[in-house]
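Q: First the structure, then my questions, so here it is.
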Protein chains: 2
Amino acid sequence: MADKAQLQEAIKTQGEVVRKLKSEKASKEEIDEEVAKLLQLKAQLGGDEGKHVFVLKTAKGTRDYNPKQMAIREKVFNIIISSFKRHGAETIDTPVFELKETLTGKYGEDSKLIYDLKDQGGELLSLRYDLTVPFARYLAMNKITNIKRYHIAKVYRRDNPAMTRGRYREFYQCDFDIAGQYDAMIPDAECLKIVYEILNELDLGDFRIKVNDRRILDGMFAVCGVPDEKFRTICSTVDKLDKMAWEDVKKEMVNEKGLPEDVADQIGEYVSMQGGQDLAERLLQDPKLSQNKQAYAGLTDMKLLFSYLELFQVTDKVVFDLSLARGLDYYTGVIYEAILSQTIPAPVSTPTEQDGADEGGVSVGSVAGGGRYDGLVGMFDPKGRKVPCVGVSIGIERIFSIMEQKAELSSEKVRTTETQVLVASAQKNLLEERLKLTNELWNAGIKAEVLYKKNPKLLSQLQHCEETGIPLVAILGEQELKNGVVKLRNVASREEVDVPRADLMDEIKKRTL
Amino acid sequence: MADKAQLQEAIKTQGEVVRKLKSEKASKEEIDEEVAKLLQLKAQLGGDEGKHVFVLKTAKGTRDYNPKQMAIREKVFNIIISSFKRHGAETIDTPVFELKETLTGKYGEDSKLIYDLKDQGGELLSLRYDLTVPFARYLAMNKITNIKRYHIAKVYRRDNPAMTRGRYREFYQCDFDIAGQYDAMIPDAECLKIVYEILNELDLGDFRIKVNDRRILDGMFAVCGVPDEKFRTICSTVDKLDKMAWEDVKKEMVNEKGLPEDVADQIGEYVSMQGGQDLAERLLQDPKLSQNKQAYAGLTDMKLLFSYLELFQVTDKVVFDLSLARGLDYYTGVIYEAILSQTIPAPVSTPTEQDGADEGGVSVGSVAGGGRYDGLVGMFDPKGRKVPCVGVSIGIERIFSIMEQKAELSSEKVRTTETQVLVASAQKNLLEERLKLTNELWNAGIKAEVLYKKNPKLLSQLQHCEETGIPLVAILGEQELKNGVVKLRNVASREEVDVPRADLMDEIKKRTL
């Protein structure tokens with residue numbers, strides 16, 4: 001516990017920081033952050049009566065999901081999981097933290113974003129950064145050579161808030177991967193089919209899925225004359241083409257990365273190319289590219305991939321695009337990324353792109369991404385045995401926020417419960433009768449509520465239905481009890497009908513299909 | 001990076017530790033832990049060819065869920081969530097970590113088990129220890145005074161492995177809570193109804209739900225002559241009655257906790273009492289207890305509770321038991337705990353009791369627990385505004401392991417996928433036809449798989465079905481293609497029938513209802 005005078009001093013200093021930021025009109029986020037620190041200091045000092053004052057907030061970069069957000073989240077998950085199951089996927093789960101060294105060396109530059117746990121004695125642990133590395137660790141550890149699995153769980157990134165305004169630090173990933181030694185491009189094509197299905201069913205408007213291949217990129221750099229050691233950095237510059245004009249990308253290549261201008265121009269020609277199977281065929285005839293072993297293999301596979309995509313009827317949305325250059329170290333073959341065509345404007349300071357699809361910097365509208373990573377599992381195997389893998393990550397947080405905005409704009413109210421009927425009464429002293437009927441409904445599997453009041457007003461009972469979207473009210477009164485009936489009221493139409501108690505369950509089921 | 005000579009020295013020392021433990025026949029867990037440390041050191045040194053050698057394990061006290069475990073987990077969750085939804089509950093989610101100070105001072109002694117995150121600059125964070133404190137923080141932060149919500153998520157406890165062999169450090173909690181100012185005991189009764197429903201539907205054999213009240217316990221201690229400052233410690237001794245005989249509990253009270261023997265004997269008389277509404281009525285006549293304000297209020301509520309439990313038809317399993325003494329600081333009223341009657345023997349070193357029901361030490365077989373905590377939300381509110389709450393936590397990990405054991409013993413195989421049909425061929429060069437048909441099935445919403453091989457053997461295709469439980473095979477051959485039919489084979493009966501291609505979807509749906 002810090003000394004009281006020290007604390008008071010710290011509070012004073014921190015108060016200056018806040019005032020300064022406010023006077024400078026700093027961003028709301030920055031100010032909030034410093035205010036939170038101030039409150040924490042004040043809390044340490046204790047409140048007016050020595051009472052502990054809590055800072056009422058979630059950790060920076062995280063958020064609660066309220067019931068409405070959860071209802072939307074459940075709907076999105078159901079669509080995605082249905083597709084995964086339709087394709088015969090199993091599911092697994094892994095712990096939220098891994099041994100620190102399991103994650104070390106898998107993410108390149110991004111490793112600095114990993115959350116470490118405090119050393120409280122024992123192992124050094126870190127929160128998972130994605131689901132792919134834990135999946136590879138799981139395969140190697142259990143010596144699994146074949147699996148088709150999905151995994152939906154939260155991952156953690158200490159993103160620099162100044163750089164990545166509005167990104168969450170805790171967010172969902174939603175991964176589907178196929179591991180195993182199979183004939184070329186069949187599982188790869190299925191991953192693209194799944195993205196296509198999911199984006200169609202989520203009804204987010206038109207979209208395109210860009211496809212490229214790490215080997216084609218590397219071959220292209222080689223034949224254009226990029227030195228080997230610059231492949232990575234030039235690749236990340238190419239990756240900016242979805243946000244920057246070619247002229248600016250070229251400038252970066254030449255001025256910042258030191259590429260000769262004619263090399264940059266050659267790259268520029270290639271990365272402007274888009275097409276389908278036809279483009280793969282044309283490039284296989286390209287005198288330079290076709291001589292590069294890597295590029296040749298990549299182009300041959302691309303041609304084969306498109307023949308399967310044709311059979312899967314998804315070529316209307318899939319584009320072979322040589323400018324696609326996803327950043328992650330572990331990709332070895334085909335890579336892809338799905339982009340929504342119509343940009344739904346995100347409200348200010350609403351986080352975007354914090355999903356799995358943002359690896360390596362992704363254009364606005366990117367909602368899924370993935371590729372082939374044949375070497376990752378081998379990194380974990382003591383004997384380096386490889387298990388080829390291809391997978392896709394659905395950018396679920398972005399989809400959530402689009403669905404939330406759609407729900408805001410729509411007149412339809414999002415229900416957060418599934419209650420079919422409220423058991424109510426207009427008269428006093430019927431609590432026991434209400435509880436008894438509610439119990440009968442529960443026992444019959446009907447979703448029913450009752451207000452926890454001895455004598456609630458009928459109006460407040462009806463209001464509860466309107467607020468929460470309960471469609472039916474079962475009203476009990478002395479007369480109904482005597483006659484062995486229940487008055488069933490339709491909340492929307494206000495129609496009421498007496499139903500014999502014995503028929504009530506069936507009647508409710510019929511009306512709330 | 002440590003100096004190489006230092007590392008080699010550390011490896012040598014650690015090797016000694018492992019050898020010593022082995023020679024002492026220490027527990028497998030202890031040895032594994034030290035071996036892991038040894039491997040980590042060796043990994044730091046680098047492998048034979050300077051290659052990094054990974055320690056292939058999950059963090060201590062955690063585990064992966066494989067597909068079979070996930071299938072069981074999904075089944076259990078579905079039963080539990082259905083019950084929560086039947087009672088009109090919404091759901092929320094909170095981040096996996098909270099500000100450290102949010103958790104501080106809520107768990108008493110157990111606070112030492114909290115996982116802290118490393119201070120990487122910014123806020124001090126800790127992994128959540130349960131879902132109840134984050135729920136209270138959520139209510140206070142959002143000024144919510146009424147909600148009925150469930151929350152299913154993982155929580156984290158650095159349990160001392162020497163003391164609590166086999167407990168998980170990452171495990172699910174499955175909480176249902178009702179917050180709001182309502183008429184007495186109605187929400188409390190609903191919580192018990194939910195426990196009853198869930199345990200019935202999970203089909204885990206007979207069970208009992210013990211009920212008591214913090215106020216009755218405190219009143220009892222007071223009238224027996226326990227000094228105020230010893231309530232807590234005597235309470236935790238009483239809590240051991242489910243594992244220890246009364247004689248031993250008494251010894252602890254007298255010898256360790258310094259209670260006069262006659263005081264202990266008076267407690268002994270009370271805590272041997274079990275019953276229902278009748279017992280509450282009898283104790284209301286007890287000349288000593290009824291004079292204690294706390295006890296009187298608790299007993300009056302207990303009587304009322306049982307009248308509602310009668311209406312909810314659950315009194316065959318619910319017992320008012322004065323020996324129930326759950327430990328957590330925040331309970332203020334009714335407390336309860338569900339116990340399975342028939343003890344299913346847990347396999348050696350399988351974790352048990354790591355669930356929410358274990359708070360304060362719980363008998364073998366405990367699968368749910370909870371109670372009323374009217375003061376917790378007020379601890380977070382700057383003005384101390386109270387939101388009365390009552391809730392229950394289902395001990396889901398224990399239930400998982402019982403279900404897993406049941407599945408092991410059962411002849412029925414647990415399916416990990418829902419695939420309805422495999423598209424197969426007995427002949428070569430039909431990959432494209434297989435993919436085309438599979439695509440048609442997917443588009444019709446049928447769960448279908450196809451092997452990722454150009455020319456798989458029919459036998460290996462059938463084997464895949466038997467291994468994964470796929471009930472149907474749609475077989476394509478030249479002849480079938482010519483005739484516009486598909487041969488539909490029942491994997492179990494081996495019956496085959498030619499189905500016109502146009503009827504295939506309906507036929508598959510009909511056969512896999």
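Labels used: A, B, ... for chains in the order of the structure tokens, numbers from 1 for residues in each chain, and numbers from 1 for ligands as shown.
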What's the 9 Å shell around A:Ile152, counting only C-alpha atoms, without same-chain residues fewer than 3 positions away, as a ChimeraX atom specification?
A: /A:77,91-93,131,172-176
Q: Using DSSP assignments from the backbone, pull out every residue in stretch 443-499 of chain A that falls under helix (DSSP H, G or I) and give it to me as a list of chain:residue names.
A: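 So the helix (DSSP H, G or I) residues in stretch 443-499 of chain A would be A:Asn443, A:Leu458, A:Leu459, A:Ser460, A:Gln461, A:Leu462, A:Gln463, A:His464, A:Cys465, A:Glu466, A:Glu467, A:Thr468, A:Glu478, A:Gln479, A:Glu480, A:Leu481, A:Lys482, A:Asn483.
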Q: Using only C-alpha atoms for the distances, tell me which of A:Ile446, A:Leu7, A:Val223, A:Val485 is nearest to chain B.
A: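 Looking at the shortest contact to chain B, the residue is A:Ile446.
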Q: Could you work out which residues of chain A fall inside 7 Å of chain B? Count only C-alpha atoms, and format the result as a compact mmCIF listing (two decimals) with N, CA and C atoms, in the first residue's frame.
A:
# COMPACT_ATOMS: atom_id res chain seq x y z
N VAL A 53 -13.74 2.74 -3.14
CA VAL A 53 -14.51 3.14 -4.32
C VAL A 53 -13.99 2.36 -5.52
N PHE A 54 -14.89 1.67 -6.20
CA PHE A 54 -14.46 0.86 -7.32
C PHE A 54 -14.47 1.63 -8.62
N LEU A 56 -15.60 1.39 -11.99
CA LEU A 56 -16.59 0.52 -12.62
C LEU A 56 -16.35 0.48 -14.12
N LYS A 57 -15.44 -0.36 -14.55
CA LYS A 57 -15.22 -0.50 -15.98
C LYS A 57 -14.66 -1.88 -16.28
N THR A 58 -14.76 -2.25 -17.55
CA THR A 58 -14.09 -3.48 -17.98
C THR A 58 -12.67 -3.08 -18.38
N ALA A 59 -11.81 -4.09 -18.47
CA ALA A 59 -10.42 -3.82 -18.83
C ALA A 59 -10.37 -3.14 -20.20
N THR A 62 -11.72 -4.24 -23.86
CA THR A 62 -12.68 -5.34 -23.74
C THR A 62 -14.06 -4.77 -23.49
N ARG A 63 -15.05 -5.62 -23.60
CA ARG A 63 -16.42 -5.15 -23.38
C ARG A 63 -17.28 -6.30 -22.88
N ASP A 64 -18.36 -5.94 -22.22
CA ASP A 64 -19.40 -6.90 -21.91
C ASP A 64 -20.29 -7.06 -23.13
N TYR A 65 -20.92 -8.22 -23.26
CA TYR A 65 -22.00 -8.41 -24.22
C TYR A 65 -23.31 -8.37 -23.45
N ASN A 66 -24.18 -7.44 -23.80
CA ASN A 66 -25.48 -7.41 -23.14
C ASN A 66 -26.42 -8.42 -23.80
N PRO A 67 -27.60 -8.65 -23.20
CA PRO A 67 -28.48 -9.71 -23.74
C PRO A 67 -28.83 -9.53 -25.22
N MET A 70 -25.95 -10.59 -27.21
CA MET A 70 -25.82 -12.05 -27.12
C MET A 70 -26.83 -12.75 -28.05
N LYS A 85 -20.94 -27.85 -39.62
CA LYS A 85 -21.47 -29.20 -39.41
C LYS A 85 -21.93 -29.84 -40.72
N ARG A 86 -22.45 -29.00 -41.61
CA ARG A 86 -22.89 -29.51 -42.91
C ARG A 86 -21.70 -30.09 -43.67
N HIS A 87 -20.52 -29.59 -43.35
CA HIS A 87 -19.32 -30.09 -44.01
C HIS A 87 -18.59 -31.13 -43.17
N GLY A 88 -19.29 -31.68 -42.18
CA GLY A 88 -18.73 -32.82 -41.44
C GLY A 88 -17.65 -32.47 -40.45
N ALA A 89 -17.65 -31.24 -39.93
CA ALA A 89 -16.58 -30.86 -39.01
C ALA A 89 -16.90 -31.28 -37.58
N GLU A 90 -15.85 -31.69 -36.86
CA GLU A 90 -15.90 -31.88 -35.43
C GLU A 90 -15.51 -30.56 -34.78
N THR A 91 -15.59 -30.50 -33.43
CA THR A 91 -15.08 -29.31 -32.78
C THR A 91 -14.18 -29.70 -31.61
N ILE A 92 -13.23 -28.84 -31.28
CA ILE A 92 -12.37 -29.06 -30.12
C ILE A 92 -12.32 -27.76 -29.32
N ASP A 93 -11.73 -27.84 -28.13
CA ASP A 93 -11.48 -26.61 -27.39
C ASP A 93 -10.11 -26.75 -26.73
N THR A 94 -9.44 -25.63 -26.58
CA THR A 94 -8.12 -25.61 -25.94
C THR A 94 -8.14 -24.56 -24.83
N PRO A 95 -7.20 -24.63 -23.91
CA PRO A 95 -7.19 -23.65 -22.81
C PRO A 95 -6.94 -22.23 -23.32
N GLU A 98 -1.56 -20.73 -22.94
CA GLU A 98 -0.61 -21.76 -23.37
C GLU A 98 0.72 -21.47 -22.68
N LEU A 99 1.60 -22.46 -22.66
CA LEU A 99 2.97 -22.18 -22.26
C LEU A 99 3.47 -21.06 -23.15
N THR A 102 5.15 -21.92 -26.38
CA THR A 102 4.34 -22.47 -27.46
C THR A 102 4.01 -21.39 -28.48
N ASP A 116 1.04 -11.72 -21.47
CA ASP A 116 1.67 -12.70 -20.59
C ASP A 116 0.96 -12.71 -19.24
N LEU A 117 0.96 -13.88 -18.61
CA LEU A 117 0.48 -13.93 -17.23
C LEU A 117 1.64 -13.62 -16.29
N LYS A 118 1.29 -13.16 -15.13
CA LYS A 118 2.30 -12.85 -14.13
C LYS A 118 2.95 -14.14 -13.67
N ARG A 137 -0.41 -27.10 -32.05
CA ARG A 137 0.13 -27.72 -30.84
C ARG A 137 -0.69 -28.95 -30.45
N MET A 141 0.79 -32.66 -30.34
CA MET A 141 0.80 -33.27 -29.01
C MET A 141 0.04 -34.59 -29.01
N TYR A 182 -3.78 -34.90 -48.35
CA TYR A 182 -4.83 -35.24 -49.30
C TYR A 182 -4.43 -34.85 -50.71
N ASP A 183 -5.25 -35.20 -51.67
CA ASP A 183 -4.96 -34.78 -53.03
C ASP A 183 -5.17 -33.27 -53.15
N ILE A 186 -8.41 -30.07 -53.00
CA ILE A 186 -9.81 -30.44 -52.69
C ILE A 186 -10.23 -29.82 -51.35
N PRO A 187 -9.44 -30.00 -50.27
CA PRO A 187 -9.85 -29.33 -49.02
C PRO A 187 -9.82 -27.80 -49.16
N LEU A 311 -17.13 -26.66 -59.91
CA LEU A 311 -18.05 -27.73 -59.49
C LEU A 311 -18.84 -27.32 -58.25
N PHE A 312 -18.23 -26.53 -57.38
CA PHE A 312 -18.90 -26.07 -56.17
C PHE A 312 -19.74 -24.82 -56.41
N PHE A 380 6.10 -28.08 -34.12
CA PHE A 380 5.85 -28.58 -32.77
C PHE A 380 6.26 -30.03 -32.61
N PRO A 382 8.51 -33.16 -32.36
CA PRO A 382 9.93 -33.34 -32.02
C PRO A 382 10.73 -33.84 -33.23
N THR A 416 -34.61 -11.06 -26.49
CA THR A 416 -33.47 -11.62 -25.76
C THR A 416 -33.87 -12.85 -24.95
N THR A 417 -35.15 -13.14 -24.94
CA THR A 417 -35.61 -14.39 -24.32
C THR A 417 -36.50 -15.11 -25.32
N GLU A 418 -36.85 -16.36 -25.01
CA GLU A 418 -37.72 -17.13 -25.91
C GLU A 418 -39.05 -17.45 -25.25
N THR A 419 -39.35 -16.74 -24.17
CA THR A 419 -40.56 -17.01 -23.40
C THR A 419 -41.81 -16.99 -24.28
N LEU A 435 -48.33 -19.68 -9.69
CA LEU A 435 -47.14 -20.54 -9.61
C LEU A 435 -47.47 -21.97 -10.04
N LYS A 436 -48.64 -22.43 -9.64
CA LYS A 436 -49.05 -23.80 -9.96
C LYS A 436 -49.17 -23.98 -11.47
N ASN A 439 -45.79 -23.84 -13.15
CA ASN A 439 -45.11 -25.13 -12.96
C ASN A 439 -45.60 -26.17 -13.96
N TRP A 442 -44.00 -25.34 -17.32
CA TRP A 442 -42.59 -25.75 -17.35
C TRP A 442 -42.49 -27.26 -17.53
N ILE A 446 -42.94 -25.92 -21.86
CA ILE A 446 -43.27 -24.59 -22.40
C ILE A 446 -42.46 -23.53 -21.66
N LYS A 447 -41.96 -22.57 -22.43
CA LYS A 447 -41.16 -21.50 -21.84
C LYS A 447 -42.10 -20.47 -21.24
N ALA A 448 -42.12 -20.39 -19.93
CA ALA A 448 -43.11 -19.56 -19.25
C ALA A 448 -42.48 -18.72 -18.16
N GLU A 449 -43.05 -17.54 -17.98
CA GLU A 449 -42.61 -16.68 -16.90
C GLU A 449 -43.79 -16.29 -16.04
N TYR A 452 -42.54 -12.06 -10.05
CA TYR A 452 -42.24 -12.47 -8.67
C TYR A 452 -42.88 -11.51 -7.67
N LYS A 453 -44.15 -11.29 -7.86
CA LYS A 453 -44.86 -10.39 -6.95
C LYS A 453 -46.11 -11.11 -6.50
N LYS A 454 -46.51 -10.81 -5.27
CA LYS A 454 -47.74 -11.44 -4.78
C LYS A 454 -48.95 -10.95 -5.56
Q: In Å, how far is it from atom CA of A:Val211 to atom CA of A:Val318?
A: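 Computing the Euclidean distance for atom CA of A:Val211 and atom CA of A:Val318 yields 7.0 Å.
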Q: What does the structure give for the distance between atom CA of A:Ala10 and atom CA of A:Val35, in Å to one decimal?
A: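 We find that atom CA of A:Ala10 and atom CA of A:Val35 lie 12.9 Å from each other.
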Q: What's the 12 Å shell around A:Asp203, counting only C-alpha atoms, without same-chain residues fewer than 2 positions away, as a count of residues only?
A: 17
Q: For stretch 252-254 of chain A, list every protein, DNA or RNA residue within 10 Å, evaluated using only C-alpha atoms, and leave out those in the same chain fewer than 3 positions away; present the list as an NGL selection string.
A: :A and (233-235 or 237-238 or 246-249 or 257-265)
Q: Just list as a ChimeraX atom specification whatever in stretch 86-243 of chain A DSSP marks as strand (DSSP E).
A: /A:90-91,97-99,125-127,147-156,170-179,207-213
Q: I'd like the neighbourhood of B:Ser111 as a ChimeraX atom specification, where a residue qualifies if any of its atoms comes within 10 Å (using only C-alpha atoms), though same-chain residues fewer than 6 positions away should be ignored.
A: /B:103-105,129,157-158
Q: Keeping only N, CA and C atoms, take the residues you just selected and write them out as an mmCIF file, in the first residue's frame.
A:
data_model
loop_
_atom_site.group_PDB
_atom_site.id
_atom_site.type_symbol
_atom_site.label_atom_id
_atom_site.label_comp_id
_atom_site.auth_asym_id
_atom_site.auth_seq_id
_atom_site.Cartn_x
_atom_site.Cartn_y
_atom_site.Cartn_z
ATOM 1 N N LEU B 103 -11.848 -7.748 -8.403
ATOM 2 C CA LEU B 103 -11.925 -9.056 -7.743
ATOM 3 C C LEU B 103 -11.441 -9.005 -6.296
ATOM 4 N N THR B 104 -10.683 -7.958 -5.968
ATOM 5 C CA THR B 104 -10.075 -7.879 -4.639
ATOM 6 C C THR B 104 -11.133 -7.799 -3.549
ATOM 7 N N GLY B 105 -10.949 -8.616 -2.516
ATOM 8 C CA GLY B 105 -11.810 -8.517 -1.348
ATOM 9 C C GLY B 105 -13.168 -9.179 -1.484
ATOM 10 N N TYR B 129 -12.375 -15.231 -11.362
ATOM 11 C CA TYR B 129 -12.319 -16.357 -10.434
ATOM 12 C C TYR B 129 -13.667 -17.072 -10.417
ATOM 13 N N ARG B 157 -8.645 -20.645 -11.492
ATOM 14 C CA ARG B 157 -8.204 -20.705 -10.092
ATOM 15 C C ARG B 157 -6.862 -21.412 -9.985
ATOM 16 N N ARG B 158 -5.883 -20.717 -9.438
ATOM 17 C CA ARG B 158 -4.563 -21.307 -9.236
ATOM 18 C C ARG B 158 -4.586 -22.182 -8.005
#
Q: Distance atom CA of A:Leu113-atom CA of A:Val133, one decimal place?
A: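 We find that atom CA of A:Leu113 and atom CA of A:Val133 lie 14.9 Å from each other.
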Q: Which residues come within 8 Å of A:Val195, counting only C-alpha atoms, excluding same-chain residues fewer than 4 positions away, as a list of chain:residue names?
A: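 Close residues of A:Val195: A:Cys191, A:Leu199, A:Ala338, A:Ala368, A:Val392, A:Ile394.
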